file data_39.txt (compact mmCIF, C-alpha atoms and all ligand atoms)
# COMPACT_ATOMS: atom_id res chain seq x y z
CA MET A 22 -155.24 143.98 234.42
CA ARG A 23 -151.58 144.49 233.67
CA LEU A 24 -150.85 143.71 230.01
CA GLU A 25 -147.31 142.90 229.02
CA ILE A 26 -146.33 142.52 225.39
CA ASP A 27 -142.80 141.26 225.22
CA ASN A 28 -140.90 141.29 221.89
CA ALA A 29 -144.03 140.34 219.94
CA THR A 30 -143.60 139.73 216.22
CA VAL A 31 -146.73 139.46 214.09
CA GLY A 32 -147.40 138.93 210.40
CA TYR A 33 -149.09 136.80 207.77
CA GLY A 34 -147.86 133.78 205.81
CA GLY A 35 -144.28 134.20 207.01
CA ARG A 36 -144.23 137.94 206.18
CA VAL A 37 -143.44 140.06 209.25
CA VAL A 38 -145.70 143.11 209.65
CA LEU A 39 -144.46 144.28 213.04
CA ALA A 40 -141.31 143.01 214.76
CA ASP A 41 -140.22 142.90 218.41
CA ALA A 42 -142.91 145.12 219.90
CA SER A 43 -142.70 145.50 223.66
CA LEU A 44 -145.00 147.49 225.93
CA THR A 45 -146.57 147.37 229.38
CA LEU A 46 -150.04 148.67 230.13
CA GLU A 47 -150.68 148.97 233.87
CA ASP A 48 -153.94 147.91 235.51
CA GLY A 49 -156.76 150.34 234.65
CA GLU A 50 -154.69 152.30 232.12
CA ILE A 51 -155.87 153.14 228.63
CA GLY A 52 -153.34 152.49 225.90
CA CYS A 53 -153.54 153.36 222.27
CA LEU A 54 -151.80 151.98 219.19
CA LEU A 55 -151.38 154.83 216.71
CA GLY A 56 -149.87 154.72 213.26
CA PRO A 57 -150.42 154.97 209.53
CA SER A 58 -152.67 152.61 207.62
CA GLY A 59 -151.22 149.13 207.23
CA ALA A 60 -148.69 149.59 210.05
CA GLY A 61 -149.90 146.49 211.89
CA LYS A 62 -151.94 148.05 214.73
CA THR A 63 -154.98 145.82 214.20
CA THR A 64 -152.80 142.74 213.77
CA LEU A 65 -151.17 143.35 217.17
CA LEU A 66 -154.57 143.99 218.80
CA ARG A 67 -155.92 140.76 217.29
CA ALA A 68 -152.90 138.90 218.62
CA VAL A 69 -153.75 140.18 222.13
CA ALA A 70 -157.36 139.06 221.60
CA GLY A 71 -156.16 135.64 220.42
CA PHE A 72 -157.42 135.87 216.81
CA GLU A 73 -153.87 135.96 215.35
CA ARG A 74 -150.85 133.89 216.29
CA LEU A 75 -147.50 135.38 217.29
CA MET A 76 -144.45 134.69 215.13
CA GLY A 77 -142.31 135.39 218.20
CA GLY A 78 -142.43 136.86 221.69
CA ARG A 79 -144.98 136.62 224.50
CA ILE A 80 -148.12 138.34 225.77
CA ARG A 81 -149.03 138.16 229.47
CA ALA A 82 -152.07 139.22 231.47
CA ASP A 83 -151.34 139.81 235.16
CA GLY A 84 -148.28 137.62 234.74
CA GLU A 85 -150.25 134.75 233.17
CA LEU A 86 -148.97 133.71 229.74
CA LEU A 87 -151.70 134.24 227.11
CA VAL A 88 -149.48 133.41 224.17
CA GLY A 89 -145.84 132.55 223.49
CA ASP A 90 -143.38 129.75 224.24
CA GLY A 91 -145.77 127.20 222.69
CA VAL A 92 -148.83 128.46 224.61
CA HIS A 93 -151.87 129.90 222.77
CA LEU A 94 -154.87 130.50 225.01
CA PRO A 95 -158.05 130.62 222.88
CA PRO A 96 -159.82 134.04 222.79
CA GLU A 97 -162.75 132.94 224.98
CA GLN A 98 -160.39 132.00 227.81
CA ARG A 99 -158.62 135.37 227.87
CA ARG A 100 -161.52 137.29 229.51
CA LEU A 101 -161.08 140.33 227.28
CA GLY A 102 -163.87 142.51 225.83
CA MET A 103 -163.88 143.63 222.19
CA VAL A 104 -165.41 146.69 220.50
CA PHE A 105 -165.17 146.88 216.73
CA GLN A 106 -165.55 149.69 214.20
CA ASP A 107 -168.90 148.27 212.98
CA HIS A 108 -170.29 147.76 216.51
CA ALA A 109 -172.46 144.86 215.22
CA LEU A 110 -175.47 145.43 217.50
CA LEU A 111 -178.35 143.04 216.95
CA PRO A 112 -181.09 145.14 215.26
CA HIS A 113 -184.10 143.11 216.47
CA LEU A 114 -183.09 143.35 220.15
CA SER A 115 -183.52 146.38 222.43
CA VAL A 116 -180.47 148.24 223.70
CA LEU A 117 -180.85 146.50 227.07
CA ASP A 118 -181.06 143.04 225.47
CA ASN A 119 -178.03 143.78 223.30
CA VAL A 120 -176.04 144.58 226.41
CA ARG A 121 -177.45 141.54 228.24
CA PHE A 122 -176.66 139.26 225.29
CA GLY A 123 -173.22 138.18 226.52
CA LEU A 124 -174.54 137.49 230.03
CA PHE A 125 -176.71 134.49 229.06
CA ARG A 126 -175.02 132.33 231.71
CA TRP A 127 -175.82 134.84 234.48
CA PRO A 128 -179.05 134.51 236.53
CA ARG A 129 -181.65 136.76 234.88
CA PRO A 130 -182.04 139.40 237.66
CA LYS A 131 -178.29 139.73 238.03
CA ALA A 132 -177.81 140.07 234.26
CA LEU A 133 -180.53 142.75 234.10
CA ALA A 134 -178.99 144.70 236.96
CA ARG A 135 -175.53 144.50 235.39
CA ALA A 136 -176.83 145.59 231.96
CA ARG A 137 -178.52 148.61 233.55
CA GLU A 138 -175.37 149.40 235.52
CA VAL A 139 -173.14 149.52 232.43
CA LEU A 140 -175.76 151.48 230.45
CA GLU A 141 -175.70 153.98 233.32
CA LEU A 142 -171.90 154.16 232.99
CA VAL A 143 -172.11 155.09 229.30
CA GLY A 144 -175.00 157.51 229.96
CA LEU A 145 -177.65 155.54 228.06
CA VAL A 146 -179.86 153.97 230.70
CA ASP A 147 -182.80 156.03 229.38
CA ALA A 148 -182.39 154.38 225.97
CA ALA A 149 -182.60 150.82 227.40
CA ASP A 150 -185.87 149.94 225.67
CA ARG A 151 -185.09 151.49 222.28
CA GLN A 152 -183.98 149.68 219.15
CA PRO A 153 -180.31 150.32 218.24
CA HIS A 154 -181.14 151.79 214.80
CA ARG A 155 -183.06 154.61 216.52
CA LEU A 156 -179.86 155.82 218.17
CA SER A 157 -177.11 158.04 216.71
CA GLY A 158 -173.82 156.48 215.58
CA GLY A 159 -172.09 157.75 218.73
CA GLN A 160 -174.83 156.33 220.97
CA GLN A 161 -174.63 152.97 219.20
CA GLN A 162 -170.89 152.90 219.80
CA ARG A 163 -171.51 153.57 223.51
CA VAL A 164 -173.97 150.65 223.59
CA ALA A 165 -171.25 148.48 222.03
CA LEU A 166 -168.89 149.59 224.79
CA ALA A 167 -171.52 148.80 227.45
CA ARG A 168 -171.96 145.35 225.91
CA ALA A 169 -168.19 144.76 226.05
CA LEU A 170 -168.00 145.97 229.67
CA ALA A 171 -171.00 143.93 230.89
CA PRO A 172 -169.23 140.56 231.48
CA GLN A 173 -166.54 142.37 233.53
CA PRO A 174 -163.61 141.71 231.20
CA ARG A 175 -160.07 142.19 232.46
CA LEU A 176 -159.31 144.58 229.59
CA VAL A 177 -161.30 146.00 226.66
CA LEU A 178 -159.83 145.98 223.15
CA LEU A 179 -161.21 148.62 220.77
CA ASP A 180 -160.46 148.55 217.04
CA GLU A 181 -161.03 151.97 215.40
CA PRO A 182 -164.30 152.35 217.33
CA PHE A 183 -164.96 155.93 216.22
CA SER A 184 -163.80 155.86 212.59
CA SER A 185 -167.29 155.83 211.07
CA LEU A 186 -168.32 158.97 212.98
CA ASP A 187 -167.95 162.71 212.25
CA PRO A 188 -164.56 164.10 213.30
CA ASP A 189 -166.29 166.50 215.73
CA LEU A 190 -168.20 163.75 217.45
CA ARG A 191 -165.19 161.44 217.58
CA GLU A 192 -163.19 163.53 219.99
CA ARG A 193 -166.18 164.07 222.30
CA LEU A 194 -167.01 160.38 222.23
CA ALA A 195 -163.38 159.47 222.93
CA VAL A 196 -163.55 161.58 226.10
CA GLN A 197 -166.89 159.98 227.12
CA VAL A 198 -165.56 156.47 226.49
CA ARG A 199 -162.48 157.28 228.55
CA GLU A 200 -164.67 158.47 231.43
CA ALA A 201 -166.84 155.35 231.25
CA LEU A 202 -163.80 153.05 231.27
CA LYS A 203 -162.22 154.91 234.18
CA ALA A 204 -165.52 154.79 236.11
CA ALA A 205 -165.69 151.04 235.49
CA GLY A 206 -162.05 150.68 236.56
CA ILE A 207 -161.34 148.63 233.43
CA GLY A 208 -158.29 149.29 231.26
CA ALA A 209 -158.34 149.32 227.47
CA LEU A 210 -156.16 149.04 224.41
CA LEU A 211 -157.39 151.05 221.43
CA VAL A 212 -156.35 151.10 217.77
CA THR A 213 -156.62 154.37 215.86
CA HIS A 214 -154.87 156.35 213.16
CA SER A 215 -156.06 159.64 214.67
CA GLN A 216 -153.78 161.36 217.13
CA VAL A 217 -156.69 163.57 218.26
CA GLU A 218 -158.47 160.43 219.47
CA ALA A 219 -155.29 159.00 220.95
CA PHE A 220 -154.56 162.22 222.88
CA ALA A 221 -158.19 162.46 224.07
CA MET A 222 -158.34 158.91 225.34
CA ALA A 223 -155.03 157.37 226.20
CA ASP A 224 -152.72 157.35 229.19
CA ARG A 225 -150.04 155.79 226.99
CA ILE A 226 -149.65 155.78 223.25
CA GLY A 227 -147.59 153.45 221.09
CA VAL A 228 -146.66 154.79 217.68
CA ILE A 229 -146.18 152.06 215.09
CA GLY A 230 -144.42 152.68 211.80
CA ASP A 231 -141.85 151.07 209.50
CA GLY A 232 -142.57 147.68 211.03
CA ARG A 233 -141.64 148.75 214.57
CA LEU A 234 -143.19 150.10 217.73
CA GLN A 235 -141.26 153.35 217.56
CA GLN A 236 -142.16 154.74 221.01
CA TRP A 237 -144.48 153.87 223.90
CA ALA A 238 -145.06 156.96 226.02
CA SER A 239 -147.58 159.56 227.22
CA GLY A 240 -149.05 161.92 224.62
CA TYR A 241 -147.06 164.75 226.22
CA ASP A 242 -143.78 162.89 225.79
CA LEU A 243 -144.54 161.87 222.21
CA TYR A 244 -145.14 165.52 221.39
CA HIS A 245 -142.35 167.14 223.41
CA ARG A 246 -139.84 164.29 223.67
CA PRO A 247 -140.20 162.26 220.47
CA ALA A 248 -137.71 159.41 220.36
CA ASN A 249 -136.86 159.93 216.70
CA ARG A 250 -137.61 161.84 213.54
CA PHE A 251 -140.49 159.50 212.58
CA ILE A 252 -142.38 160.34 215.79
CA ALA A 253 -141.51 164.04 215.50
CA GLY A 254 -143.12 164.08 212.06
CA PHE A 255 -146.07 161.79 212.76
CA VAL A 256 -147.22 163.41 216.00
CA GLY A 257 -148.02 167.12 215.92
CA GLU A 258 -146.60 169.92 213.83
CA GLY A 259 -143.33 171.79 213.86
CA VAL A 260 -140.06 172.18 212.03
CA LEU A 261 -136.65 170.59 212.05
CA LEU A 262 -134.13 173.40 212.09
CA PRO A 263 -130.44 173.03 211.23
CA ALA A 264 -128.09 173.49 214.20
CA THR A 265 -124.38 173.05 214.92
CA VAL A 266 -122.90 171.16 217.86
CA VAL A 267 -121.03 173.50 220.23
CA ASP A 268 -120.14 170.91 222.87
CA ALA A 269 -121.67 167.73 224.35
CA ASP A 270 -124.57 169.71 225.87
CA HIS A 271 -125.18 172.65 223.55
CA VAL A 272 -126.05 173.48 219.97
CA HIS A 273 -125.79 176.74 218.07
CA THR A 274 -129.02 177.72 216.32
CA ALA A 275 -130.68 180.72 214.71
CA PHE A 276 -131.95 181.50 218.23
CA GLY A 277 -128.45 181.46 219.74
CA VAL A 278 -126.80 178.73 221.82
CA LEU A 279 -129.34 176.34 223.38
CA ALA A 280 -129.07 173.40 225.80
CA ALA A 281 -129.74 169.98 224.27
CA ASP A 282 -132.11 167.50 225.96
CA HIS A 283 -129.45 164.77 225.99
CA ARG A 284 -125.66 164.52 225.83
CA LEU A 285 -124.59 164.72 222.23
CA GLY A 286 -122.35 162.12 220.66
CA ALA A 287 -121.64 164.12 217.50
CA PRO A 288 -118.35 166.07 217.56
CA THR A 289 -118.13 169.87 217.87
CA GLY A 290 -118.98 171.56 214.59
CA SER A 291 -121.26 168.72 213.36
CA ARG A 292 -124.48 169.71 211.63
CA VAL A 293 -127.56 168.34 213.42
CA GLU A 294 -131.30 169.10 213.56
CA MET A 295 -133.43 170.47 216.36
CA LEU A 296 -137.17 170.12 216.75
CA LEU A 297 -139.28 173.23 217.29
CA ARG A 298 -143.01 172.86 217.92
CA PRO A 299 -145.24 175.85 217.05
CA ASP A 300 -146.00 176.38 220.75
CA ASP A 301 -142.26 176.61 221.53
CA VAL A 302 -142.08 179.81 219.45
CA ILE A 303 -143.61 182.83 221.19
CA HIS A 304 -144.56 186.08 219.51
CA ASP A 305 -143.03 188.92 221.53
CA ASP A 306 -142.87 192.54 220.26
CA ASP A 307 -139.84 193.18 222.48
CA ALA A 308 -137.83 190.20 221.23
CA PRO A 309 -134.67 191.21 219.36
CA LEU A 310 -135.09 188.36 216.84
CA GLN A 311 -137.42 189.27 213.99
CA ALA A 312 -138.96 186.94 211.41
CA ARG A 313 -141.09 187.54 208.32
CA ILE A 314 -144.54 185.98 207.98
CA VAL A 315 -144.67 183.83 204.84
CA ARG A 316 -147.88 181.89 205.52
CA ARG A 317 -150.78 182.22 207.95
CA HIS A 318 -153.42 179.73 208.88
CA PHE A 319 -156.37 181.02 210.92
CA ARG A 320 -157.68 178.39 213.32
CA GLY A 321 -160.16 180.34 215.41
CA ALA A 322 -158.41 180.63 218.77
CA ASP A 323 -155.01 181.10 217.18
CA PHE A 324 -153.01 181.62 214.02
CA LEU A 325 -150.38 179.16 212.87
CA TYR A 326 -147.80 181.46 211.29
CA THR A 327 -144.96 180.14 209.14
CA LEU A 328 -142.06 182.52 209.61
CA GLN A 329 -138.80 182.99 207.75
CA LEU A 330 -135.71 183.79 209.78
CA GLU A 331 -132.90 186.09 208.59
CA GLY A 332 -130.81 183.19 207.27
CA GLY A 333 -133.77 181.73 205.31
CA ASP A 334 -134.80 178.93 207.71
CA LEU A 335 -138.51 178.46 208.39
CA VAL A 336 -140.17 178.09 211.81
CA GLU A 337 -143.81 177.87 212.85
CA ALA A 338 -145.44 179.83 215.67
CA LEU A 339 -148.81 179.41 217.33
CA VAL A 340 -150.04 182.90 218.17
CA PRO A 341 -153.34 183.94 219.84
CA SER A 342 -155.67 185.06 217.08
CA HIS A 343 -156.03 188.69 218.23
CA HIS A 344 -152.44 189.14 216.97
CA ASP A 345 -153.62 189.47 213.40
CA HIS A 346 -150.58 190.14 211.17
CA ALA A 347 -150.34 190.24 207.39
CA ILE A 348 -148.13 188.09 205.20
CA GLY A 349 -144.82 189.90 204.62
CA GLN A 350 -144.92 191.64 208.02
CA ARG A 351 -142.00 191.11 210.43
CA ILE A 352 -142.73 190.15 214.02
CA GLY A 353 -140.55 189.59 217.10
CA ILE A 354 -140.19 185.99 218.30
CA ARG A 355 -138.46 184.14 221.11
CA LEU A 356 -138.38 180.57 222.31
CA ASP A 357 -140.13 179.19 225.36
CA LEU A 358 -138.33 175.95 226.15
CA GLU A 359 -135.63 174.73 228.47
CA HIS A 360 -134.01 172.05 226.33
CA VAL A 361 -134.16 171.38 222.64
CA ILE A 362 -134.69 167.95 221.11
CA VAL A 363 -131.70 167.27 218.88
CA PHE A 364 -131.55 164.62 216.16
CA GLU A 365 -127.95 163.83 215.34
CA HIS A 366 -127.78 163.10 211.66
CA PRO A 367 -127.25 165.19 208.55
CA PRO A 368 -130.06 167.77 208.29
CA GLN A 369 -131.99 168.84 205.19
CA PRO A 370 -130.68 172.12 203.79
CA GLY A 371 -132.93 175.03 204.86
CA GLY A 372 -134.71 172.98 207.52
CA GLU A 373 -137.89 171.01 207.10
CA VAL A 374 -141.51 171.75 207.92
CA LEU A 375 -143.08 168.62 209.39
CA ALA A 376 -146.39 167.70 207.87
CA GLY A 377 -148.00 166.34 211.05
CA THR A 378 -149.14 163.26 209.15
CA GLY A 379 -151.15 161.76 212.03
CA ASP A 380 -154.44 163.69 211.67
N1 LIG A 401 -155.62 138.44 207.01
C1 LIG A 401 -154.55 138.98 206.44
N2 LIG A 401 -153.79 138.26 205.58
C2 LIG A 401 -152.68 138.78 205.01
N3 LIG A 401 -152.25 140.06 205.22
C3 LIG A 401 -152.97 140.82 206.06
C4 LIG A 401 -154.15 140.33 206.71
N4 LIG A 401 -154.65 141.31 207.49
C5 LIG A 401 -153.82 142.38 207.34
N5 LIG A 401 -152.81 142.09 206.48
C6 LIG A 401 -151.70 142.98 206.09
O1 LIG A 401 -150.92 143.25 207.24
C7 LIG A 401 -150.52 144.61 207.28
C8 LIG A 401 -150.99 145.24 208.58
O2 LIG A 401 -152.40 145.31 208.60
P1 LIG A 401 -153.20 145.88 209.84
O3 LIG A 401 -154.66 145.79 209.53
O4 LIG A 401 -152.72 145.27 211.09
O5 LIG A 401 -152.73 147.42 209.82
P2 LIG A 401 -153.33 148.65 210.60
O6 LIG A 401 -152.15 149.39 211.13
O7 LIG A 401 -154.35 148.23 211.57
O8 LIG A 401 -153.96 149.48 209.40
P3 LIG A 401 -155.37 150.23 209.26
O9 LIG A 401 -155.25 151.50 210.03
O10 LIG A 401 -155.45 150.49 207.78
O11 LIG A 401 -156.41 149.29 209.76
C9 LIG A 401 -151.07 145.24 206.02
O12 LIG A 401 -150.06 145.25 205.05
C10 LIG A 401 -152.20 144.34 205.62
O13 LIG A 401 -152.39 144.36 204.23
call {"tool": "encode", "arguments": {"input": "data_39.txt", "output": "structure tokens"}}
result
Amino acid sequence: MRLEIDNATVGYGGRVVLADASLTLEDGEIGCLLGPSGAGKTTLLRAVAGFERLMGGRIRADGELLVGDGVHLPPEQRRLGMVFQDHALLPHLSVLDNVRFGLFRWPRPKALARAREVLELVGLVDAADRQPHRLSGGQQQRVALARALAPQPRLVLLDEPFSSLDPDLRERLAVQVREALKAAGIGALLVTHSQVEAFAMADRIGVIGDGRLQQWASGYDLYHRPANRFIAGFVGEGVLLPATVVDADHVHTAFGVLAADHRLGAPTGSRVEMLLRPDDVIHDDDAPLQARIVRRHFRGADFLYTLQLEGGDLVEALVPSHHDHAIGQRIGIRLDLEHVIVFEHPPQPGGEVLAGTGD
């Protein structure tokens, strides 16, 4: 199902939580709403489901108006599946009967066959006769997904489905859930505040913050082509480094003159900022530019080094972990990127290390 959210404004009691959000999720795609707590992700998801009203805008499913312009289709007429954080399985029913529960209008043999089919999709057909409480948290969440998929919804809505699970398990489960949805050919819209989950699961991610949908794009584009400073800081790590505009296409930086990703409006000589991700900075013994290690964070496969350049600015570099250098040591670095992302407004003196607030 193609989902179109067009200038949706949502809120409570006249107070706007999220204004003018627009996005399109193509048939079979998995979308994710990512953002800090209280940003309005759940409210928007509930508006798609039909549990909240819109203050403005429209939501369409395959061109059909679900809500907006005086229309408000009740949730049960939208043919959407829901999976919640507390999967709410019925404890006295077997896994199979939990999945079959929503199919009470189907003829019994057909309902049984469908329940088995979706349990197969989520890899739990062998657990069909067990009670839900005898399954792990991750398995229970997969049963909840199977239950949502059983009535063949047009789209599945998932609200923080993995948040009660261990971080390790979450990412694995996100991948499994993605595979099950793709195998079923059913698209989904997921709410999470974890970018790890969003990256593992989604074809498209919408980052919500400061009352707006800040960007709707692939995980790759959010990371490498963030639309603004908010996204640059919320998604991934890196630094914002001061730079000076040379001409409409170039900036001067500590790494020399670099090509900007877009034509610059700021006049020659203006101070701007450029985004450097840790994987843009390569450790190279032969590089003429040297930087001093001021912090090191061992992560197993690699080190995240914080490095100070000659002029005092800080950058971060992701370096394979067999390059084990001590704090205070100087190492050669160069950049591996074609264009730099430039934000054209007054920079912080000395640059800024982005916290990577989306965990
Ligand atoms: N039923 C309600 N009545 C009034 N205000 C509400 C209601 N539900 C949520 N809010 C407020 O709306 C804002 C957005 O809440 P929402 O749950 O959509 O955020 P979220 O991005 O999903 O956050 P979280 O990740 O913490 O779930 C918050 O300020 C919240 O306090």
call {"tool": "closest_residue", "arguments": {"input": "data_39.txt", "among": "A:Leu44, A:Ala148, A:Thr30, A:Gln197", "to": "A:Gly78", "atoms": "all atoms listed in the file"}}
result
A:Thr30
call {"tool": "residues_near_ligand", "arguments": {"input": "data_39.txt", "ligand": "ligand LIG 401 (chain A)", "cutoff": "10 Å", "atoms": "only C-alpha atoms and all ligand atoms", "output": "ChimeraX atom specification"}}
result
/A:31-39,54-68,73,180-181,184,212-215,229-230,232
call {"tool": "closest_residue", "arguments": {"input": "data_39.txt", "among": "A:Glu337, A:Asp242, A:Asp27, A:Glu50", "to": "A:Val177", "atoms": "only C-alpha atoms"}}
result
A:Glu50
call {"tool": "atom_distance", "arguments": {"input": "data_39.txt", "atom1": "atom CA of A:Pro128", "atom2": "atom CA of A:Val104"}}
result
24.3 Å
call {"tool": "closest_residue", "arguments": {"input": "data_39.txt", "among": "A:Arg292, A:Arg175, A:His304, A:Arg233", "to": "A:Leu101", "atoms": "only C-alpha atoms"}}
result
A:Arg175
call {"tool": "residues_near_point", "arguments": {"input": "data_39.txt", "point": "(-133.9, 193.7, 219.3)", "cutoff": "12 Å", "atoms": "all atoms listed in the file", "output": "PyMOL selection string"}}
result
chain A and resi 305-312+352-355
call {"tool": "write_last_selection", "arguments": {"input": "data_39.txt", "atoms": "C-alpha atoms", "output": "tab-separated table (two decimals), in the coordinates of the input"}}
result
chain	number	residue	atom	x	y	z
A	305	ASP	CA	-143.03	188.92	221.53
A	306	ASP	CA	-142.87	192.54	220.26
A	307	ASP	CA	-139.84	193.18	222.48
A	308	ALA	CA	-137.83	190.20	221.23
A	309	PRO	CA	-134.67	191.21	219.36
A	310	LEU	CA	-135.09	188.36	216.84
A	311	GLN	CA	-137.42	189.27	213.99
A	312	ALA	CA	-138.96	186.94	211.41
A	352	ILE	CA	-142.73	190.15	214.02
A	353	GLY	CA	-140.55	189.59	217.10
A	354	ILE	CA	-140.19	185.99	218.30
A	355	ARG	CA	-138.46	184.14	221.11
call {"tool": "residues_near_point", "arguments": {"input": "data_39.txt", "point": "(-149.1, 157.0, 220.9)", "cutoff": "9 Å", "atoms": "all atoms listed in the file", "output": "list of chain:residue names"}}
result
A:Gly52, A:Cys53, A:Leu54, A:Leu55, A:Gly56, A:Gln216, A:Ala219, A:Phe220, A:Ala223, A:Arg225, A:Ile226, A:Gly227, A:Val228, A:Ile229, A:Gln236, A:Trp237, A:Ala238, A:Ser239, A:Gly240, A:Leu243, A:Val256
call {"tool": "residues_around", "arguments": {"input": "data_39.txt", "residues": "stretch 320-331 of chain A", "least_positions_apart": "5", "cutoff": "8 Å", "atoms": "all atoms listed in the file", "output": "list of chain:residue names"}}
result
A:Ala275, A:Pro299, A:Gln311, A:Ala312, A:Arg313, A:Ile314, A:Val315, A:Val336, A:Glu337, A:Ala338, A:Leu339, A:Val340, A:Pro341, A:Ser342, A:His343, A:Asp345
call {"tool": "residues_around", "arguments": {"input": "data_39.txt", "residues": "A:Pro288", "least_positions_apart": "2", "cutoff": "10 Å", "atoms": "all atoms listed in the file", "output": "JSON, numbers by chain"}}
result
{"A": [265, 266, 267, 268, 269, 285, 286, 290, 291, 292]}
call {"tool": "closest_residue", "arguments": {"input": "data_39.txt", "among": "A:Arg316, A:His360, A:Arg199, A:Arg298", "to": "A:Asp270", "atoms": "all atoms listed in the file"}}
result
A:His360
call {"tool": "closest_residue", "arguments": {"input": "data_39.txt", "among": "A:Ala195, A:Leu211, A:Val164, A:Leu110", "to": "A:Ala70", "atoms": "only C-alpha atoms"}}
result
A:Leu211
call {"tool": "residues_around", "arguments": {"input": "data_39.txt", "residues": "A:Ala253", "least_positions_apart": "4", "cutoff": "8 Å", "atoms": "all atoms listed in the file", "output": "list in words"}}
result
Leu243, Tyr244, Pro247, Ala248, Asn249, Gly257, Glu258, Leu296 and Leu375 of chain A
call {"tool": "write_last_selection", "arguments": {"input": "data_39.txt", "atoms": "C-alpha atoms", "output": "mmCIF file, keeping the file's coordinate frame"}}
result
data_model
loop_
_atom_site.group_PDB
_atom_site.id
_atom_site.type_symbol
_atom_site.label_atom_id
_atom_site.label_comp_id
_atom_site.auth_asym_id
_atom_site.auth_seq_id
_atom_site.Cartn_x
_atom_site.Cartn_y
_atom_site.Cartn_z
ATOM 1 C CA LEU A 243 -144.540 161.870 222.210
ATOM 2 C CA TYR A 244 -145.140 165.520 221.390
ATOM 3 C CA PRO A 247 -140.200 162.260 220.470
ATOM 4 C CA ALA A 248 -137.710 159.410 220.360
ATOM 5 C CA ASN A 249 -136.860 159.930 216.700
ATOM 6 C CA GLY A 257 -148.020 167.120 215.920
ATOM 7 C CA GLU A 258 -146.600 169.920 213.830
ATOM 8 C CA LEU A 296 -137.170 170.120 216.750
ATOM 9 C CA LEU A 375 -143.080 168.620 209.390
#
call {"tool": "atom_distance", "arguments": {"input": "data_39.txt", "atom1": "atom CA of A:Gly49", "atom2": "atom CA of A:Leu210"}}
result
10.3 Å
call {"tool": "atom_distance", "arguments": {"input": "data_39.txt", "atom1": "atom CA of A:Pro174", "atom2": "atom CA of A:Arg23"}}
result
12.6 Å
call {"tool": "closest_residue", "arguments": {"input": "data_39.txt", "among": "A:Asp224, A:Asp334, A:Asp83, A:Glu218", "to": "A:Thr274", "atoms": "all atoms listed in the file"}}
result
A:Asp334
call {"tool": "decode", "arguments": {"input": "data_39.txt", "residues": "stretch 160-173 of chain A", "atoms": "N, CA and C atoms", "output": "short mmCIF file (atom, residue, chain, number, x, y, z; two decimals), in the first residue's frame"}}
result
data_model
loop_
_atom_site.label_atom_id
_atom_site.label_comp_id
_atom_site.auth_asym_id
_atom_site.auth_seq_id
_atom_site.Cartn_x
_atom_site.Cartn_y
_atom_site.Cartn_z
N GLN A 160 10.79 -13.67 20.83
CA GLN A 160 9.85 -14.60 20.17
C GLN A 160 8.41 -14.10 20.33
N GLN A 161 8.10 -13.57 21.51
CA GLN A 161 6.75 -13.05 21.74
C GLN A 161 6.46 -11.89 20.78
N GLN A 162 7.48 -11.07 20.56
CA GLN A 162 7.28 -9.93 19.66
C GLN A 162 7.06 -10.42 18.22
N ARG A 163 7.72 -11.53 17.86
CA ARG A 163 7.50 -12.10 16.52
C ARG A 163 6.10 -12.70 16.40
N VAL A 164 5.58 -13.26 17.51
CA VAL A 164 4.20 -13.76 17.49
C VAL A 164 3.25 -12.57 17.27
N ALA A 165 3.55 -11.46 17.96
CA ALA A 165 2.69 -10.27 17.81
C ALA A 165 2.70 -9.79 16.37
N LEU A 166 3.88 -9.88 15.73
CA LEU A 166 3.95 -9.48 14.32
C LEU A 166 3.12 -10.44 13.46
N ALA A 167 3.25 -11.74 13.74
CA ALA A 167 2.48 -12.74 12.98
C ALA A 167 0.98 -12.47 13.13
N ARG A 168 0.57 -12.13 14.35
CA ARG A 168 -0.85 -11.84 14.59
C ARG A 168 -1.30 -10.62 13.78
N ALA A 169 -0.41 -9.60 13.70
CA ALA A 169 -0.78 -8.41 12.93
C ALA A 169 -0.82 -8.70 11.43
N LEU A 170 0.06 -9.61 10.97
CA LEU A 170 0.12 -9.92 9.53
C LEU A 170 -1.02 -10.83 9.09
N ALA A 171 -1.56 -11.64 10.03
CA ALA A 171 -2.51 -12.69 9.67
C ALA A 171 -3.70 -12.20 8.83
N PRO A 172 -4.38 -11.10 9.22
CA PRO A 172 -5.55 -10.68 8.44
C PRO A 172 -5.20 -9.97 7.12
N GLN A 173 -3.95 -10.08 6.69
CA GLN A 173 -3.49 -9.45 5.44
C GLN A 173 -3.78 -7.95 5.41
#
